[in-house]
Every structure is written in C-alpha cells, then in structure tokens.
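Enquirer: Take a look at the following structure, please.
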Amino acid sequence: MERKLNNKTLAILKPDCVKKNLIGKVVTLIQNAGFKVSAMKMVKLTSDAAKGFYAIHNGKPFFNDLITYMTSGPCVPIALEKDNAVEDFRKLIGATDPAKAAEGTIRKLYADSIQENIVHGSDSDENAAIEISHFFSRKEILDINGF
Ligand code: CMP
C-alpha cells in the first residue's frame, strides 16, 4: 500500500490551554475539522526537553520566556492524521499572534498573546515527523483505521 508522507502533524495543547480547562473544546475543534487522533498524552516538559523541542528558536529574544512558559505546567502533545495535515492544521489554528489570527481559528478564539497562544502546529512534513518522534515511539502511534 502507498505510504502517504503528508498526512501527519504534531499538535501541542500548551500549558495555557491545559490551565484554562480547554483541552476538550480544542480537541473537539480539531476532530470536527477532520483530523484523526493517532497518539495523545499529557506531559510536563523538563527544561532540557523544551529546549530540545524548540532548539530552532535558541538565541531569539523570546527563547527564555518560551522555555519558562512551556515548562510552567502540563501540556498535551497529539499526533494527528489527515490529508494535507500540516497546512490544514496551521489554517485551523491561525497566525502565531492571536491578534493577527483569522476569525474562527483556535488562536483567535482562545489565545491571549503571541507567546501564550494555546496550541503548536508543525510547520513542515519533515518537522512533523521529527516533532512527533520527540513525544511518541512508533509503538504509541496507532493506526486509527486498523481496529
Ligand atoms: P509556536 O508555534 O509553538 O512556535 C514558537 C513559539 O514561541 C510560538 O508558538 C509562541 O508560543 C512563542 N513566541 C513568543 N514570542 C514569539 C514571537 N515574537 N514570534 C514567534 N513566536 C513567539
């Protein structure tokens, strides 16, 4: 069977999403948009894990605040599946800065600031595979059509 390479993305429901008790609401929006959950867990990132995940932003002015924020409480990484997953998920969540996010997007609905922006989404198929492997082993990624 042909293996699709553009059908996975990583979401993280960030600590502000968890603290605001919005996990259910955000997962509902994600599922209603046609994404299938293939792996999900709740974790509290260590400083080293957060620095590893966001290594690409190391050296940027917001990096230290980003690590403090991402380690401030539990978050919920979710491996998602859908055709055109990366692009469609970024449309669903909206711009990084909620003030610039389109109406109806998750960040427009729930985010408070460019930092506390509720949810992360991978920015390319290549990064989606790398980011998913930060949180999930192959065994933990379930084929939702396989039951
Ligand atoms: P995310 O899509 O997870 O990628 C990097 C994160 O850094 C971003 O969401 C925000 O949570 C945070 N951040 C804080 N300030 C900025 C900024 N000025 N530009 C981009 N990201 C920022």
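For the structure tokens, the naming scheme is as follows: chains receive sequential letters (A, B, ...) according to their order of presentation, residues are indexed from 1 within each chain, and ligands are indexed from 1 in presentation order.
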Can you write out as CSV which residues of region 81-146 of chain A fall within 12 Å of region 20-24 of chain A, alongside each residue's closest atom pair and its distance in Å to one decimal, counting only C-alpha atoms and ordering rows by chain and ascending residue number?

Expert:
```
residue,atom,partner,partner_atom,distance
A:Ile106,CA,A:Leu22,CA,10.7
A:Arg107,CA,A:Leu22,CA,11.9
A:Leu109,CA,A:Leu22,CA,11.0
A:Tyr110,CA,A:Leu22,CA,8.5
A:Ala111,CA,A:Lys20,CA,10.3
A:Asp112,CA,A:Lys20,CA,11.1
A:Glu116,CA,A:Lys20,CA,11.3
A:Asn117,CA,A:Lys20,CA,12.0
A:Ile118,CA,A:Leu22,CA,9.0
A:Val119,CA,A:Ile23,CA,10.2
```

Enquirer: Could you pull the residues within 9 Å of Glu87 (chain A), counting only C-alpha atoms, minus those fewer than 6 positions along the same chain, as a PyMOL selection string?

Expert: chain A and resi 122-124

Enquirer: Got a sec: who's within 6 Å of Leu10 (chain A), counting only C-alpha atoms, leaving out chain neighbours fewer than 2 positions off, as JSON, numbers by chain?

Expert: {"A": [78, 79, 121, 122, 128, 132]}

Enquirer: Rounded to one decimal in Å, what is the spacing between CA of Met70 (chain A) and CA of Gly34 (chain A)?

Expert: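 These atoms are spaced 27.1 Å apart.
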
Enquirer: For the atom pair CA of Asp88 (chain A) and CA of Thr9 (chain A), what is the interatomic distance in Å to one decimal place?

Expert: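 Distance reported for this atom pair: 9.6 Å.
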
Enquirer: Would you list the residues that come within 12 Å of ligand 1? Count only C-alpha atoms and all ligand atoms and give the answer as a PyMOL selection string.

Expert: chain A and resi 10-17+50-51+53-71+75+77+89-90+93-98+107+111-124+131

Enquirer: DSSP on the backbone, then: every residue of region 24-141 of chain A marked helix (DSSP H, G or I), written as a PDB file with N, CA and C atoms, in the first residue's frame.

Expert:
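Result saved to out25.pdb:
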```
ATOM      1  N   GLY A  24     -10.754  19.752  26.067  1.00  0.00           N
ATOM      2  CA  GLY A  24     -11.894  19.150  25.364  1.00  0.00           C
ATOM      3  C   GLY A  24     -12.385  20.012  24.219  1.00  0.00           C
ATOM      4  N   LYS A  25     -12.503  21.319  24.484  1.00  0.00           N
ATOM      5  CA  LYS A  25     -13.012  22.231  23.440  1.00  0.00           C
ATOM      6  C   LYS A  25     -12.072  22.249  22.233  1.00  0.00           C
ATOM      7  N   VAL A  26     -10.756  22.304  22.502  1.00  0.00           N
ATOM      8  CA  VAL A  26      -9.798  22.395  21.393  1.00  0.00           C
ATOM      9  C   VAL A  26      -9.735  21.066  20.632  1.00  0.00           C
ATOM     10  N   VAL A  27      -9.748  19.947  21.357  1.00  0.00           N
ATOM     11  CA  VAL A  27      -9.734  18.646  20.665  1.00  0.00           C
ATOM     12  C   VAL A  27     -11.001  18.499  19.822  1.00  0.00           C
ATOM     13  N   THR A  28     -12.129  18.972  20.310  1.00  0.00           N
ATOM     14  CA  THR A  28     -13.379  18.901  19.520  1.00  0.00           C
ATOM     15  C   THR A  28     -13.240  19.692  18.215  1.00  0.00           C
ATOM     16  N   LEU A  29     -12.682  20.903  18.300  1.00  0.00           N
ATOM     17  CA  LEU A  29     -12.487  21.694  17.070  1.00  0.00           C
ATOM     18  C   LEU A  29     -11.569  20.963  16.094  1.00  0.00           C
ATOM     19  N   ILE A  30     -10.514  20.336  16.638  1.00  0.00           N
ATOM     20  CA  ILE A  30      -9.553  19.617  15.787  1.00  0.00           C
ATOM     21  C   ILE A  30     -10.248  18.428  15.110  1.00  0.00           C
ATOM     22  N   GLN A  31     -11.009  17.674  15.883  1.00  0.00           N
ATOM     23  CA  GLN A  31     -11.683  16.497  15.304  1.00  0.00           C
ATOM     24  C   GLN A  31     -12.786  16.910  14.327  1.00  0.00           C
ATOM     25  N   ASN A  32     -13.497  17.988  14.656  1.00  0.00           N
ATOM     26  CA  ASN A  32     -14.555  18.451  13.750  1.00  0.00           C
ATOM     27  C   ASN A  32     -13.987  18.934  12.413  1.00  0.00           C
ATOM     28  N   SER A  47      13.027  21.386  31.416  1.00  0.00           N
ATOM     29  CA  SER A  47      13.674  22.493  30.707  1.00  0.00           C
ATOM     30  C   SER A  47      14.484  21.955  29.511  1.00  0.00           C
ATOM     31  N   ASP A  48      15.195  20.846  29.719  1.00  0.00           N
ATOM     32  CA  ASP A  48      16.009  20.281  28.626  1.00  0.00           C
ATOM     33  C   ASP A  48      15.131  19.815  27.463  1.00  0.00           C
ATOM     34  N   ALA A  49      13.988  19.191  27.783  1.00  0.00           N
ATOM     35  CA  ALA A  49      13.092  18.710  26.722  1.00  0.00           C
ATOM     36  C   ALA A  49      12.526  19.894  25.924  1.00  0.00           C
ATOM     37  N   ALA A  50      12.125  20.957  26.642  1.00  0.00           N
ATOM     38  CA  ALA A  50      11.575  22.139  25.953  1.00  0.00           C
ATOM     39  C   ALA A  50      12.653  22.798  25.085  1.00  0.00           C
ATOM     40  N   LYS A  51      13.877  22.879  25.626  1.00  0.00           N
ATOM     41  CA  LYS A  51      14.978  23.484  24.840  1.00  0.00           C
ATOM     42  C   LYS A  51      15.281  22.641  23.607  1.00  0.00           C
ATOM     43  N   GLY A  52      15.206  21.328  23.738  1.00  0.00           N
ATOM     44  CA  GLY A  52      15.436  20.430  22.600  1.00  0.00           C
ATOM     45  C   GLY A  52      14.360  20.604  21.547  1.00  0.00           C
ATOM     46  N   PHE A  53      13.110  20.641  21.984  1.00  0.00           N
ATOM     47  CA  PHE A  53      11.999  20.753  21.040  1.00  0.00           C
ATOM     48  C   PHE A  53      12.056  22.084  20.282  1.00  0.00           C
ATOM     49  N   ALA A  55      14.715  24.015  19.816  1.00  0.00           N
ATOM     50  CA  ALA A  55      16.126  24.371  19.538  1.00  0.00           C
ATOM     51  C   ALA A  55      16.256  25.391  18.401  1.00  0.00           C
ATOM     52  N   ILE A  56      15.356  25.300  17.421  1.00  0.00           N
ATOM     53  CA  ILE A  56      15.407  26.210  16.263  1.00  0.00           C
ATOM     54  C   ILE A  56      15.246  27.680  16.685  1.00  0.00           C
ATOM     55  N   HIS A  57      14.615  27.915  17.843  1.00  0.00           N
ATOM     56  CA  HIS A  57      14.393  29.295  18.312  1.00  0.00           C
ATOM     57  C   HIS A  57      15.470  29.756  19.308  1.00  0.00           C
ATOM     58  N   PHE A  63      13.224  33.348  23.471  1.00  0.00           N
ATOM     59  CA  PHE A  63      13.521  31.938  23.757  1.00  0.00           C
ATOM     60  C   PHE A  63      13.397  31.601  25.256  1.00  0.00           C
ATOM     61  N   ASN A  64      14.022  32.396  26.125  1.00  0.00           N
ATOM     62  CA  ASN A  64      13.988  32.050  27.557  1.00  0.00           C
ATOM     63  C   ASN A  64      12.561  32.085  28.106  1.00  0.00           C
ATOM     64  N   ASP A  65      11.787  33.095  27.704  1.00  0.00           N
ATOM     65  CA  ASP A  65      10.386  33.175  28.150  1.00  0.00           C
ATOM     66  C   ASP A  65       9.586  31.992  27.618  1.00  0.00           C
ATOM     67  N   LEU A  66       9.887  31.591  26.385  1.00  0.00           N
ATOM     68  CA  LEU A  66       9.183  30.452  25.779  1.00  0.00           C
ATOM     69  C   LEU A  66       9.440  29.181  26.601  1.00  0.00           C
ATOM     70  N   ILE A  67      10.678  28.971  27.029  1.00  0.00           N
ATOM     71  CA  ILE A  67      11.008  27.769  27.813  1.00  0.00           C
ATOM     72  C   ILE A  67      10.321  27.840  29.183  1.00  0.00           C
ATOM     73  N   THR A  68      10.327  29.016  29.808  1.00  0.00           N
ATOM     74  CA  THR A  68       9.642  29.170  31.104  1.00  0.00           C
ATOM     75  C   THR A  68       8.158  28.850  30.961  1.00  0.00           C
ATOM     76  N   TYR A  69       7.553  29.387  29.911  1.00  0.00           N
ATOM     77  CA  TYR A  69       6.118  29.152  29.650  1.00  0.00           C
ATOM     78  C   TYR A  69       5.835  27.675  29.375  1.00  0.00           C
ATOM     79  N   MET A  70       6.630  27.048  28.519  1.00  0.00           N
ATOM     80  CA  MET A  70       6.343  25.657  28.119  1.00  0.00           C
ATOM     81  C   MET A  70       6.616  24.660  29.239  1.00  0.00           C
ATOM     82  N   ALA A  85      -2.080  17.421   6.233  1.00  0.00           N
ATOM     83  CA  ALA A  85      -2.225  17.702   7.666  1.00  0.00           C
ATOM     84  C   ALA A  85      -1.541  19.003   8.120  1.00  0.00           C
ATOM     85  N   VAL A  86      -0.281  19.198   7.709  1.00  0.00           N
ATOM     86  CA  VAL A  86       0.474  20.357   8.225  1.00  0.00           C
ATOM     87  C   VAL A  86      -0.218  21.661   7.849  1.00  0.00           C
ATOM     88  N   GLU A  87      -0.521  21.796   6.560  1.00  0.00           N
ATOM     89  CA  GLU A  87      -1.114  23.047   6.067  1.00  0.00           C
ATOM     90  C   GLU A  87      -2.519  23.249   6.640  1.00  0.00           C
ATOM     91  N   ASP A  88      -3.315  22.197   6.619  1.00  0.00           N
ATOM     92  CA  ASP A  88      -4.694  22.338   7.107  1.00  0.00           C
ATOM     93  C   ASP A  88      -4.723  22.645   8.602  1.00  0.00           C
ATOM     94  N   PHE A  89      -3.772  22.064   9.352  1.00  0.00           N
ATOM     95  CA  PHE A  89      -3.769  22.329  10.792  1.00  0.00           C
ATOM     96  C   PHE A  89      -3.343  23.766  11.079  1.00  0.00           C
ATOM     97  N   ARG A  90      -2.385  24.271  10.324  1.00  0.00           N
ATOM     98  CA  ARG A  90      -1.957  25.658  10.546  1.00  0.00           C
ATOM     99  C   ARG A  90      -3.078  26.645  10.191  1.00  0.00           C
ATOM    100  N   LYS A  91      -3.880  26.286   9.190  1.00  0.00           N
ATOM    101  CA  LYS A  91      -5.055  27.130   8.881  1.00  0.00           C
ATOM    102  C   LYS A  91      -6.047  27.099  10.030  1.00  0.00           C
ATOM    103  N   LEU A  92      -6.249  25.928  10.604  1.00  0.00           N
ATOM    104  CA  LEU A  92      -7.217  25.767  11.693  1.00  0.00           C
ATOM    105  C   LEU A  92      -6.794  26.542  12.941  1.00  0.00           C
ATOM    106  N   ILE A  93      -5.474  26.588  13.237  1.00  0.00           N
ATOM    107  CA  ILE A  93      -5.052  27.255  14.478  1.00  0.00           C
ATOM    108  C   ILE A  93      -4.881  28.769  14.277  1.00  0.00           C
ATOM    109  N   PRO A  98      -2.280  35.885  18.096  1.00  0.00           N
ATOM    110  CA  PRO A  98      -3.749  35.795  18.026  1.00  0.00           C
ATOM    111  C   PRO A  98      -4.402  37.078  17.523  1.00  0.00           C
ATOM    112  N   ALA A  99      -3.726  38.219  17.721  1.00  0.00           N
ATOM    113  CA  ALA A  99      -4.284  39.488  17.231  1.00  0.00           C
ATOM    114  C   ALA A  99      -4.352  39.493  15.701  1.00  0.00           C
ATOM    115  N   LYS A 100      -3.519  38.668  15.072  1.00  0.00           N
ATOM    116  CA  LYS A 100      -3.496  38.601  13.600  1.00  0.00           C
ATOM    117  C   LYS A 100      -4.198  37.352  13.070  1.00  0.00           C
ATOM    118  N   ILE A 106      -8.483  28.655  16.126  1.00  0.00           N
ATOM    119  CA  ILE A 106      -8.362  28.294  17.549  1.00  0.00           C
ATOM    120  C   ILE A 106      -7.653  29.394  18.339  1.00  0.00           C
ATOM    121  N   ARG A 107      -6.602  29.974  17.751  1.00  0.00           N
ATOM    122  CA  ARG A 107      -5.892  31.032  18.485  1.00  0.00           C
ATOM    123  C   ARG A 107      -6.745  32.292  18.601  1.00  0.00           C
ATOM    124  N   LYS A 108      -7.506  32.613  17.562  1.00  0.00           N
ATOM    125  CA  LYS A 108      -8.389  33.785  17.654  1.00  0.00           C
ATOM    126  C   LYS A 108      -9.409  33.574  18.768  1.00  0.00           C
ATOM    127  N   LEU A 109      -9.912  32.342  18.855  1.00  0.00           N
ATOM    128  CA  LEU A 109     -10.944  32.060  19.859  1.00  0.00           C
ATOM    129  C   LEU A 109     -10.390  32.093  21.278  1.00  0.00           C
ATOM    130  N   TYR A 110      -9.189  31.510  21.489  1.00  0.00           N
ATOM    131  CA  TYR A 110      -8.777  31.214  22.868  1.00  0.00           C
ATOM    132  C   TYR A 110      -7.444  31.795  23.324  1.00  0.00           C
ATOM    133  N   ASP A 125       6.256  18.941   6.658  1.00  0.00           N
ATOM    134  CA  ASP A 125       6.118  17.488   6.813  1.00  0.00           C
ATOM    135  C   ASP A 125       7.360  16.897   7.480  1.00  0.00           C
ATOM    136  N   GLU A 126       8.517  17.439   7.098  1.00  0.00           N
ATOM    137  CA  GLU A 126       9.769  16.934   7.675  1.00  0.00           C
ATOM    138  C   GLU A 126       9.797  17.198   9.184  1.00  0.00           C
ATOM    139  N   ASN A 127       9.449  18.427   9.590  1.00  0.00           N
ATOM    140  CA  ASN A 127       9.442  18.733  11.020  1.00  0.00           C
ATOM    141  C   ASN A 127       8.346  17.973  11.762  1.00  0.00           C
ATOM    142  N   ALA A 128       7.235  17.701  11.089  1.00  0.00           N
ATOM    143  CA  ALA A 128       6.159  16.932  11.743  1.00  0.00           C
ATOM    144  C   ALA A 128       6.703  15.577  12.183  1.00  0.00           C
ATOM    145  N   ALA A 129       7.440  14.900  11.308  1.00  0.00           N
ATOM    146  CA  ALA A 129       7.986  13.578  11.654  1.00  0.00           C
ATOM    147  C   ALA A 129       8.981  13.705  12.815  1.00  0.00           C
ATOM    148  N   ILE A 130       9.827  14.726  12.768  1.00  0.00           N
ATOM    149  CA  ILE A 130      10.817  14.915  13.844  1.00  0.00           C
ATOM    150  C   ILE A 130      10.107  15.226  15.161  1.00  0.00           C
ATOM    151  N   GLU A 131       9.125  16.135  15.098  1.00  0.00           N
ATOM    152  CA  GLU A 131       8.436  16.568  16.325  1.00  0.00           C
ATOM    153  C   GLU A 131       7.610  15.429  16.940  1.00  0.00           C
ATOM    154  N   ILE A 132       6.957  14.633  16.083  1.00  0.00           N
ATOM    155  CA  ILE A 132       6.182  13.504  16.614  1.00  0.00           C
ATOM    156  C   ILE A 132       7.118  12.562  17.379  1.00  0.00           C
ATOM    157  N   SER A 133       8.328  12.367  16.838  1.00  0.00           N
ATOM    158  CA  SER A 133       9.263  11.438  17.492  1.00  0.00           C
ATOM    159  C   SER A 133       9.822  12.000  18.804  1.00  0.00           C
ATOM    160  N   HIS A 134       9.675  13.309  19.058  1.00  0.00           N
ATOM    161  CA  HIS A 134      10.058  13.877  20.360  1.00  0.00           C
ATOM    162  C   HIS A 134       9.172  13.319  21.473  1.00  0.00           C
ATOM    163  N   PHE A 135       7.930  13.006  21.130  1.00  0.00           N
ATOM    164  CA  PHE A 135       6.954  12.644  22.165  1.00  0.00           C
ATOM    165  C   PHE A 135       6.469  11.202  22.103  1.00  0.00           C
ATOM    166  N   ARG A 138       7.290   4.680  17.968  1.00  0.00           N
ATOM    167  CA  ARG A 138       6.494   4.129  16.857  1.00  0.00           C
ATOM    168  C   ARG A 138       5.315   3.322  17.385  1.00  0.00           C
ATOM    169  N   LYS A 139       5.548   2.572  18.473  1.00  0.00           N
ATOM    170  CA  LYS A 139       4.512   1.711  19.046  1.00  0.00           C
ATOM    171  C   LYS A 139       3.309   2.506  19.541  1.00  0.00           C
ATOM    172  N   GLU A 140       3.575   3.749  19.941  1.00  0.00           N
ATOM    173  CA  GLU A 140       2.497   4.568  20.523  1.00  0.00           C
ATOM    174  C   GLU A 140       1.633   5.249  19.468  1.00  0.00           C
TER     175      GLU A 140
END
```

Enquirer: Check region 38-144 of chain A with DSSP on the backbone and list each residue it calls strand (DSSP E or B), as a PyMOL selection string.

Expert: chain A and resi 38-40+43+75-81+119-121

Enquirer: Report as a PyMOL selection string all protein, DNA and RNA residues lying within 6 Å of Glu81 (chain A), evaluated on only C-alpha atoms, omitting residues in the same chain fewer than 3 positions from it.

Expert: chain A and resi 7-8+35-36
